[in-house]
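Novice: Below is one structure. I have some questions about it.
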Amino acid sequence: MVEALGRKLILVGQEVHDFASLLVSAFWSSLTPPFRLRETLQQLSFVAWESAPVVLLSVSFAAAVTIMEASFHMKIVVQNDSLVPGFAALLILRELGVVVTALLVTSRVGAGYAAEVGSMQITEQVEALKMLGIHPIRYLLVPRLYASILGLMILTVVANMVCIYVAMLVSQWSLGYSSGSFLMAMRAFVGLQDLLFSVIKAGVFGAVIPIYSIFFGLRCRAGAEGVGLATTSAVVATSVTIIILDFILSYIFSFFY
Amino acid sequence: MLRGLRGIVEDIGGGVVFMGQVLSVALFKPCSFRSISEQIVKVTEQSWLTTAVAGFFVGAIMTVQFSLQIQQFGALGYLGGLATSGTIREVGPLLIAFMLSGKVGAFTSAELGTMRVTEQIDAIRCLGANPIQEIILPRWLGIVCSSFFLLAVGLMMSIGGGLLMGMFFSGISMQEYVRHIPTIVTSFSILSGLFKCLVFAMVLASICTYKGYTATGGARGVGRAVVNTAVATMVAIVIADWVTSVFSDVALRIVLGD
Amino acid sequence: MIRFDKVKKSFGPKEVLKGISFSVKKGEILFILGTSGTGKSVLLKNLVGLLRPTSGEIWIDGQEVSHLTEEEYLPVRRRCGMVFQHPALFDSLSVYENVAFGLRRHFSDLKESQIREKVMESLNLVHLNGIESKRPQEISYGMQKRVSLARTLAVGPEVLLFDEPTTGLDPITTNAINQLIQELSHKLQTTSIVVSHDMHCALDIADRVIVLDQGHIVEEGDVEHLKQSSHPLVRDFLQEALSAERA
């Protein structure tokens, strides 16, 4: 019993140690050259450009729902629609825009990286890199890290814009707001600092995604089962971490309004 | 672009045919109750912690975001009601379902994909059994039941998370926080939230069983199936979110009679 | 007893089998040889209905099977047992339950004691005892392959189909599996079709060999006939096998 517990503790300790050393080496190698600009740009196109259709489609629907829900609540509390734009924009800019985007990118890019690195691991490509004197973490992680941080920031700005625009269209159509009065009502609640904060959040989430993906990808065990497990673990760990970080960041930012 | 669009259309068509097969098996050759309950236990056991944590933080985030604005209007009394209602009706089901699509959806599609590429599904057919009846139907039903349950648990946790933040962050007492919950959160809101959970659970179960069952091409193929499952599930959930919102809006108008 | 008649199979624009005709007699061991990706496995899967031919006919004992429905295929699959390239054991079930799986589906009226008897009998045939309660992950790859064979044998098939039975195995296990195939065909009077790229095995135990290249049959005959063949692919195969023998 005690022995089993001890063994489990050693295992957990080993994992924490592995993860921490990955973090340290990620931090160190991301600040020292070479930066491999071309590879980073390729990855950036994968993260931002190729994810854009999926992300923008999803946030548009989320924006439409947000307007409908906000109007439902305002009718109950203040018996009219005057606060709808404000509340909807608040929810979109501070939460939905960045979190929905980040979670979608997690499942597309994060899972993709984990599957890719996992396949490299089990086909001994990672060993081959080491034999060539290339540090696998630096080689695999650094371009993806920069691309993911930058890509998610860009995506978040665009997603927020599209979201607000769709929200404006929907409220024009269902609540009879003109775009001018919508923007006026919105300005009472949100400002440029909200967009800034959401971009900061996006940067943090963007860093989380490749770190977990490559951590789980490099620990991938052989066979189809191993790749599946690595991919799933990466997605789950990233999503949970994003939600928790989102809470912490929202809490911190709330002191700056 | 056009090729991508064709892929999506083919996927939807394939998925509809697949669900038709599952349905006809469900009607004519139902699986044993035991195999369903096994799946329910497995999924619930794996995912309850993730869902509960996610639910708790979603509730907490909503309270933090709402409290500053409501404070400006001097209506902190409404904080509990508004945050809870907003969480239960939209943000909660959406974000918790996102979590589940990573946890349950990706896991199931990895499991089924592995069975497919290691020829276990072919082996089932060769040994005289129907793979849809033996492995797909129990998983589908199990995932629907347990995801619905997990989503509901997540929503309850979100109320708890919101309450806790209301007390520690916004500094209002528990009584004040819960006072307006019943006036704003109507039974119709709860029903509409639960309806969303049920729809999301079905979307989730259908996509992951289909994608896993149709995986091809070794370990790499399983990886691809998992990625596609996670993305397709999330997009489908966002769209389903909008459809159910419109649906419950219309239902509310019919009930209220205008 | 089994006859393929101008069988063609395409996947999208890619034609994998381009009109294959051959027949198998009862009790013989037929090897189908070819390099990787020439459609050998596809051939086997067409026979048991996991894939359906694009055109052509497949006859088993005077019955045309390629147009049967999934339901109607069940008796055919009971008679033609397939051993997959991967062990394809169900990893959530014990070895015992894996072997019993087909028995429970194909013969729903068997009593538990009869099932037990048959499971033990088939595990005996592949020389495995005392591992019934283990999980597939806990036994070696070679053992998994043999359990997979036992699972197929349990339902008492008249025809055994082997998909690359020795790929990825060490030479010693390869020999053991080979001997097992020969032994079973003598002991149980089964017909065997073995898909492989191992000429060495074919020379050892085959009654007849078919060589497949790019969707066509390029050579057909017994081992002696094969050794006289002038087809370049067959010569390459032979050279490789003979040099291995000399070493």
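Identifiers in the structure tokens: chain A, B, ... in order shown; residue index from 1 per chain; ligand index from 1 in order shown.
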With 6 Å as the limit and counting only C-alpha atoms, what residues in chain A lie close to chain B? Please list them as a list of chain:residue names.
Specialist: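 Only these qualify: A:Ser58, A:Val65, A:Ser107, A:Arg108, A:Ala111, A:Gly112, A:Ala115, A:Gly223, A:Ala224, A:Glu225, A:Val227, A:Gly228, A:Thr232, A:Val235, A:Val236, A:Phe247.
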Novice: Put those residues in a file: N, CA, C and O atoms, as a JSON list (two decimals), in the first residue's frame.
Specialist:
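Writing the result to again19.json gives the following:
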[["chain", "number", "residue", "atom", "x", "y", "z"],
["A", 58, "SER", "N", -17.20, 29.87, -36.26],
["A", 58, "SER", "CA", -17.68, 29.53, -34.92],
["A", 58, "SER", "C", -17.99, 30.77, -34.10],
["A", 58, "SER", "O", -19.04, 30.85, -33.46],
["A", 65, "VAL", "N", -25.66, 34.07, -30.77],
["A", 65, "VAL", "CA", -26.30, 33.54, -29.56],
["A", 65, "VAL", "C", -26.19, 34.55, -28.43],
["A", 65, "VAL", "O", -27.13, 34.76, -27.67],
["A", 107, "SER", "N", -7.80, 22.55, -30.31],
["A", 107, "SER", "CA", -8.18, 21.26, -30.88],
["A", 107, "SER", "C", -7.63, 21.09, -32.28],
["A", 107, "SER", "O", -7.32, 19.99, -32.69],
["A", 108, "ARG", "N", -7.46, 22.17, -33.02],
["A", 108, "ARG", "CA", -6.94, 22.02, -34.37],
["A", 108, "ARG", "C", -5.42, 21.99, -34.39],
["A", 108, "ARG", "O", -4.82, 21.02, -34.84],
["A", 111, "ALA", "N", -3.84, 19.67, -31.06],
["A", 111, "ALA", "CA", -3.97, 18.23, -31.33],
["A", 111, "ALA", "C", -3.13, 17.85, -32.54],
["A", 111, "ALA", "O", -2.50, 16.79, -32.57],
["A", 112, "GLY", "N", -3.10, 18.74, -33.54],
["A", 112, "GLY", "CA", -2.29, 18.47, -34.74],
["A", 112, "GLY", "C", -0.82, 18.33, -34.39],
["A", 112, "GLY", "O", -0.16, 17.39, -34.82],
["A", 115, "ALA", "N", -0.15, 15.06, -32.50],
["A", 115, "ALA", "CA", -0.17, 13.89, -33.39],
["A", 115, "ALA", "C", 1.08, 13.85, -34.24],
["A", 115, "ALA", "O", 1.70, 12.80, -34.43],
["A", 223, "GLY", "N", 2.61, 2.71, -31.50],
["A", 223, "GLY", "CA", 1.32, 2.19, -31.95],
["A", 223, "GLY", "C", 0.27, 3.25, -32.09],
["A", 223, "GLY", "O", 0.41, 4.39, -31.64],
["A", 224, "ALA", "N", -0.82, 2.85, -32.76],
["A", 224, "ALA", "CA", -1.92, 3.76, -33.00],
["A", 224, "ALA", "C", -2.50, 4.26, -31.68],
["A", 224, "ALA", "O", -2.87, 5.42, -31.54],
["A", 225, "GLU", "N", -2.56, 3.36, -30.69],
["A", 225, "GLU", "CA", -3.12, 3.70, -29.40],
["A", 225, "GLU", "C", -2.33, 4.83, -28.75],
["A", 225, "GLU", "O", -2.90, 5.76, -28.19],
["A", 227, "VAL", "N", -0.49, 7.21, -30.15],
["A", 227, "VAL", "CA", -0.70, 8.51, -30.80],
["A", 227, "VAL", "C", -2.05, 9.09, -30.36],
["A", 227, "VAL", "O", -2.15, 10.27, -30.03],
["A", 228, "GLY", "N", -3.08, 8.24, -30.34],
["A", 228, "GLY", "CA", -4.39, 8.70, -29.90],
["A", 228, "GLY", "C", -4.35, 9.25, -28.49],
["A", 228, "GLY", "O", -4.89, 10.32, -28.21],
["A", 232, "THR", "N", -5.08, 13.12, -27.28],
["A", 232, "THR", "CA", -6.17, 13.41, -26.35],
["A", 232, "THR", "C", -5.65, 14.11, -25.10],
["A", 232, "THR", "O", -6.21, 15.11, -24.67],
["A", 235, "VAL", "N", -4.88, 17.78, -25.72],
["A", 235, "VAL", "CA", -6.06, 18.63, -25.84],
["A", 235, "VAL", "C", -6.67, 18.90, -24.47],
["A", 235, "VAL", "O", -6.99, 20.04, -24.12],
["A", 236, "VAL", "N", -6.81, 17.85, -23.67],
["A", 236, "VAL", "CA", -7.47, 18.01, -22.37],
["A", 236, "VAL", "C", -6.64, 18.90, -21.46],
["A", 236, "VAL", "O", -7.16, 19.86, -20.87],
["A", 247, "PHE", "N", -9.40, 32.42, -15.88],
["A", 247, "PHE", "CA", -9.93, 32.93, -14.61],
["A", 247, "PHE", "C", -8.90, 33.82, -13.93],
["A", 247, "PHE", "O", -9.21, 34.93, -13.51]]
Novice: Using DSSP on the backbone coordinates, identify the residues of range 110-174 of chain C assigned to strand (DSSP E or B); present them as a list in words.
Specialist: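 Going through range 110-174 of chain C, the strand (DSSP E or B) residues come out as Val159, Leu160, Leu161, Phe162 and Asp163 of chain C.
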Novice: Could you take the residues named above and write them with N, CA and C atoms, as a compact mmCIF listing (two decimals), in the first residue's frame?
Specialist:
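Saved file again.txt follows:
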# COMPACT_ATOMS: atom_id res chain seq x y z
N VAL C 159 -11.81 -23.30 -44.23
CA VAL C 159 -10.77 -22.60 -44.97
C VAL C 159 -10.11 -21.61 -44.01
N LEU C 160 -8.77 -21.58 -44.02
CA LEU C 160 -8.06 -20.61 -43.20
C LEU C 160 -7.37 -19.60 -44.12
N LEU C 161 -7.59 -18.31 -43.84
CA LEU C 161 -6.97 -17.27 -44.64
C LEU C 161 -5.95 -16.55 -43.76
N PHE C 162 -4.71 -16.53 -44.20
CA PHE C 162 -3.67 -15.86 -43.41
C PHE C 162 -3.22 -14.61 -44.14
N ASP C 163 -3.31 -13.46 -43.47
CA ASP C 163 -2.83 -12.21 -44.05
C ASP C 163 -1.46 -11.92 -43.46
Novice: Using 7 Å as the limit and counting only C-alpha atoms, can you tabulate each residue of chain B that touches chain C, with its shortest atom-to-atom distance in Å and the two atoms involved, as JSON lines?
Specialist:
{"residue": "B:Thr118", "atom": "CA", "partner": "C:Ala88", "partner_atom": "CA", "distance": 5.5}
{"residue": "B:Glu119", "atom": "CA", "partner": "C:Ala88", "partner_atom": "CA", "distance": 5.4}
{"residue": "B:Gln120", "atom": "CA", "partner": "C:Ala88", "partner_atom": "CA", "distance": 4.6}
{"residue": "B:Asp122", "atom": "CA", "partner": "C:Leu50", "partner_atom": "CA", "distance": 6.9}
{"residue": "B:Ala123", "atom": "CA", "partner": "C:Ala88", "partner_atom": "CA", "distance": 6.7}
{"residue": "B:Cys126", "atom": "CA", "partner": "C:Arg77", "partner_atom": "CA", "distance": 5.6}
{"residue": "B:Leu127", "atom": "CA", "partner": "C:Gly102", "partner_atom": "CA", "distance": 4.5}
{"residue": "B:Gly128", "atom": "CA", "partner": "C:Leu74", "partner_atom": "CA", "distance": 5.6}
{"residue": "B:Ala129", "atom": "CA", "partner": "C:Arg105", "partner_atom": "CA", "distance": 6.1}
Novice: Could those selected residues go to a file with C-alpha atoms, as a compact mmCIF listing (two decimals), in the first residue's frame?
Specialist:
# COMPACT_ATOMS: atom_id res chain seq x y z
CA THR B 118 -5.45 -2.68 -35.97
CA GLU B 119 -8.21 -4.57 -37.82
CA GLN B 120 -10.19 -5.31 -34.64
CA ASP B 122 -12.77 -6.37 -39.31
CA ALA B 123 -12.18 -9.19 -36.84
CA CYS B 126 -15.36 -12.02 -39.41
CA LEU B 127 -16.35 -13.57 -36.09
CA GLY B 128 -20.00 -13.16 -36.95
CA ALA B 129 -20.88 -10.02 -35.03
Novice: So which residues touch range 206-219 of chain A within 10 Å, counting only C-alpha atoms, skipping near sequence neighbours fewer than 6 positions away, as a PDB file with C-alpha atoms, in the first residue's frame?
Specialist:
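The resulting file, part.pdb, is shown below:
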ATOM      1  CA  ASP A  18      10.124  16.278 -17.139  1.00  0.00           C
ATOM      2  CA  PHE A  19       7.610  19.036 -17.663  1.00  0.00           C
ATOM      3  CA  LEU A  22      10.814  21.165 -20.899  1.00  0.00           C
ATOM      4  CA  LEU A  23       9.650  24.591 -19.713  1.00  0.00           C
ATOM      5  CA  ALA A  26      11.702  26.098 -23.984  1.00  0.00           C
ATOM      6  CA  VAL A  47      -1.942  28.465 -36.989  1.00  0.00           C
ATOM      7  CA  ALA A 102      -8.194  29.573 -28.085  1.00  0.00           C
ATOM      8  CA  LEU A 103     -10.131  26.348 -27.495  1.00  0.00           C
ATOM      9  CA  VAL A 105      -7.053  26.456 -31.966  1.00  0.00           C
ATOM     10  CA  THR A 106      -6.223  23.988 -29.185  1.00  0.00           C
ATOM     11  CA  SER A 107      -8.178  21.260 -30.876  1.00  0.00           C
ATOM     12  CA  VAL A 109      -3.366  23.138 -33.890  1.00  0.00           C
ATOM     13  CA  GLY A 110      -2.598  21.647 -30.471  1.00  0.00           C
ATOM     14  CA  ALA A 111      -3.968  18.234 -31.331  1.00  0.00           C
ATOM     15  CA  GLY A 112      -2.295  18.466 -34.735  1.00  0.00           C
ATOM     16  CA  TYR A 113       1.111  19.197 -33.176  1.00  0.00           C
ATOM     17  CA  ALA A 114       0.721  16.395 -30.644  1.00  0.00           C
ATOM     18  CA  ALA A 115      -0.172  13.892 -33.385  1.00  0.00           C
ATOM     19  CA  GLU A 116       2.661  15.106 -35.592  1.00  0.00           C
ATOM     20  CA  VAL A 117       5.345  15.050 -32.909  1.00  0.00           C
ATOM     21  CA  GLY A 118       3.940  11.761 -31.584  1.00  0.00           C
ATOM     22  CA  SER A 119       4.294  10.175 -35.027  1.00  0.00           C
ATOM     23  CA  MET A 120       7.847  11.536 -35.234  1.00  0.00           C
ATOM     24  CA  GLN A 121       8.625  10.063 -31.836  1.00  0.00           C
ATOM     25  CA  ILE A 122       7.395   6.537 -32.620  1.00  0.00           C
ATOM     26  CA  VAL A 126      13.229  12.429 -32.832  1.00  0.00           C
ATOM     27  CA  PRO A 136      14.656  18.268 -30.531  1.00  0.00           C
ATOM     28  CA  ILE A 137      12.906  20.679 -28.166  1.00  0.00           C
ATOM     29  CA  LEU A 140      10.344  21.417 -32.731  1.00  0.00           C
ATOM     30  CA  LEU A 141       9.135  23.838 -30.108  1.00  0.00           C
ATOM     31  CA  VAL A 142      10.607  27.278 -30.813  1.00  0.00           C
ATOM     32  CA  PRO A 143       9.062  27.951 -34.245  1.00  0.00           C
ATOM     33  CA  ARG A 144       5.740  26.530 -33.091  1.00  0.00           C
ATOM     34  CA  LEU A 145       5.826  28.548 -29.875  1.00  0.00           C
ATOM     35  CA  TYR A 146       6.323  31.875 -31.621  1.00  0.00           C
ATOM     36  CA  ALA A 147       3.862  30.996 -34.373  1.00  0.00           C
ATOM     37  CA  SER A 148       1.210  29.951 -31.894  1.00  0.00           C
ATOM     38  CA  ILE A 149       1.572  33.030 -29.670  1.00  0.00           C
ATOM     39  CA  LEU A 150       1.546  35.434 -32.599  1.00  0.00           C
ATOM     40  CA  GLY A 151      -1.093  33.519 -34.549  1.00  0.00           C
ATOM     41  CA  LEU A 152      -3.521  33.366 -31.656  1.00  0.00           C
ATOM     42  CA  MET A 153      -3.085  37.092 -30.992  1.00  0.00           C
ATOM     43  CA  ILE A 200      -2.648  39.533 -23.765  1.00  0.00           C
ATOM     44  CA  GLY A 226      -0.141   5.754 -28.250  1.00  0.00           C
ATOM     45  CA  VAL A 227      -0.700   8.510 -30.798  1.00  0.00           C
ATOM     46  CA  LEU A 229      -3.593   8.921 -26.211  1.00  0.00           C
ATOM     47  CA  ALA A 230      -0.923  11.607 -26.676  1.00  0.00           C
ATOM     48  CA  THR A 231      -3.277  13.725 -28.773  1.00  0.00           C
ATOM     49  CA  THR A 232      -6.167  13.406 -26.345  1.00  0.00           C
ATOM     50  CA  SER A 233      -4.012  14.187 -23.307  1.00  0.00           C
ATOM     51  CA  ALA A 234      -2.600  17.276 -24.993  1.00  0.00           C
ATOM     52  CA  VAL A 235      -6.059  18.633 -25.840  1.00  0.00           C
ATOM     53  CA  VAL A 236      -7.471  18.012 -22.374  1.00  0.00           C
ATOM     54  CA  ALA A 237      -4.497  19.395 -20.471  1.00  0.00           C
ATOM     55  CA  THR A 238      -4.402  22.499 -22.672  1.00  0.00           C
ATOM     56  CA  SER A 239      -8.145  23.187 -22.448  1.00  0.00           C
ATOM     57  CA  THR A 241      -5.171  25.030 -18.283  1.00  0.00           C
ATOM     58  CA  ILE A 242      -6.679  27.664 -20.578  1.00  0.00           C
ATOM     59  CA  LEU A 245      -5.531  30.763 -16.693  1.00  0.00           C
TER      60      LEU A 245
END
Novice: Could you state the separation of CA of Phe188 in chain B and CA of Leu252 in chain B in Å, given to one decimal place?
Specialist: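 Those two atoms sit 8.0 Å apart.
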